[in-house]
Amino acid sequence: MNTPSSKALINKDQKISSWRIFFLSIATVAFIIILWTIGSFKQDPFLDETLSRKGEALSGSKLFKINCVGCHGISAQGFVGPDLHEATQEMSDKKIINQVIRGLTPPMPSFEIDPQSMADLLAYMHSLN
Ligand code: HEC
């Protein structure tokens with residue numbers, strides 16, 4: 001049928017379906033943003049565990065000599081990687097932990113490290129200030 005009223009009806013349907021697509025897209029984007037926000041607030045057990053421990057700077061310096069001096073220099077003065085003397089002033093502990101365990105900035109590798117050793121390394125880095 002091609003009466004004016006049926007045409008109007010078809011247009012109205014098309015309008016509804018494009019609104020529906022529009023709202024579905026918005027809802028999808030909102031959903032993704034919500035999931036992402038929840039994800040970034042989610043507690044990270046490794047972080048919590050590490051931050052709850054008291055680090056030993058001396059053990060930390062040993063770990064540093066084994067794992068980090070090749071790039072950060074024997075006294076953390078910087079070499080391939082940056083000088084770390086100010087690192088704990090410029091970065092939060094959380095950020096430093098992520099820097100060490102996640103390998104976010106190649107060529108620095110990610111390290112598999114237990115929370116106590118990580119706390120020791122942090123204590124060593126705090127002792128450099
Ligand atoms: C293969 C070389 C390499 C090794 C090994 C390495 N790093 Fe790094 N590190 C780097 C480089 C390169 C950067 C700079 C990355 C960037 O931000 O571009 C860096 C950055 C950092 C930073 C951030 C400093 C800042 O001011 O942005 C910290 C903290 C750090 N390293 C700690 C460590 C610790 C602790 C170890 C040992 C467990 C270690 N790194 C081992 C190469 C290395």
# chains A, B, ... in the order shown; residues from 1 in each chain; ligands from 1
>>> residues_near_ligand(ligand="ligand 1", cutoff="7 Å", atoms="only C-alpha atoms and all ligand atoms", output="list in words")
Phe64, Asn67, Cys68, Val69, Gly70, Cys71, His72, Val80, Gly81, Pro82, Asp83, Leu84, Ala87, Glu90, Ile96, Gln99, Val100, Thr105, Pro106, Pro107, Met108, Pro109, Phe111 and Leu121 of chain A
>>> residues_around(residues="Thr50 in chain A", least_positions_apart="6", cutoff="10 Å", atoms="only C-alpha atoms", output="list in words")
Asp93, Lys94, Ile97, Asp114, Pro115, Gln116, Ser117, Met118, Ala119, Asp120 and Leu122 of chain A
>>> select_by_dssp(residues="chain A", states="helix (DSSP H, G or I)", output="count of residues only")
88
>>> residues_around(residues="His85 in chain A", least_positions_apart="2", cutoff="9 Å", atoms="only C-alpha atoms", output="list in words")
Ser75, Ala76, Gln77, Gly78, Asp83, Ala87, Thr88, Gln89, Met125, His126, Ser127, Leu128 and Asn129 of chain A
>>> atom_distance(atom1="CA of Leu63 in chain A", atom2="CA of Leu51 in chain A")
17.6 Å
>>> atom_distance(atom1="CA of Asp44 in chain A", atom2="CA of Asn98 in chain A")
10.6 Å
>>> atom_distance(atom1="CA of Arg53 in chain A", atom2="CA of Gly73 in chain A")
26.4 Å
>>> closest_residue(among="A:Phe41, A:Val29, A:Ser17, A:Leu47", to="Arg102 in chain A", atoms="only C-alpha atoms")
A:Leu47
>>> residues_around(residues="Tyr124 in chain A", least_positions_apart="5", cutoff="6 Å", atoms="only C-alpha atoms", output="list in words")
Ala57, Gly60 and Ser61 of chain A
>>> closest_residue(among="A:Ser110, A:Lys62, A:Ile101, A:Phe79", to="Ala123 in chain A", atoms="only C-alpha atoms")
A:Lys62
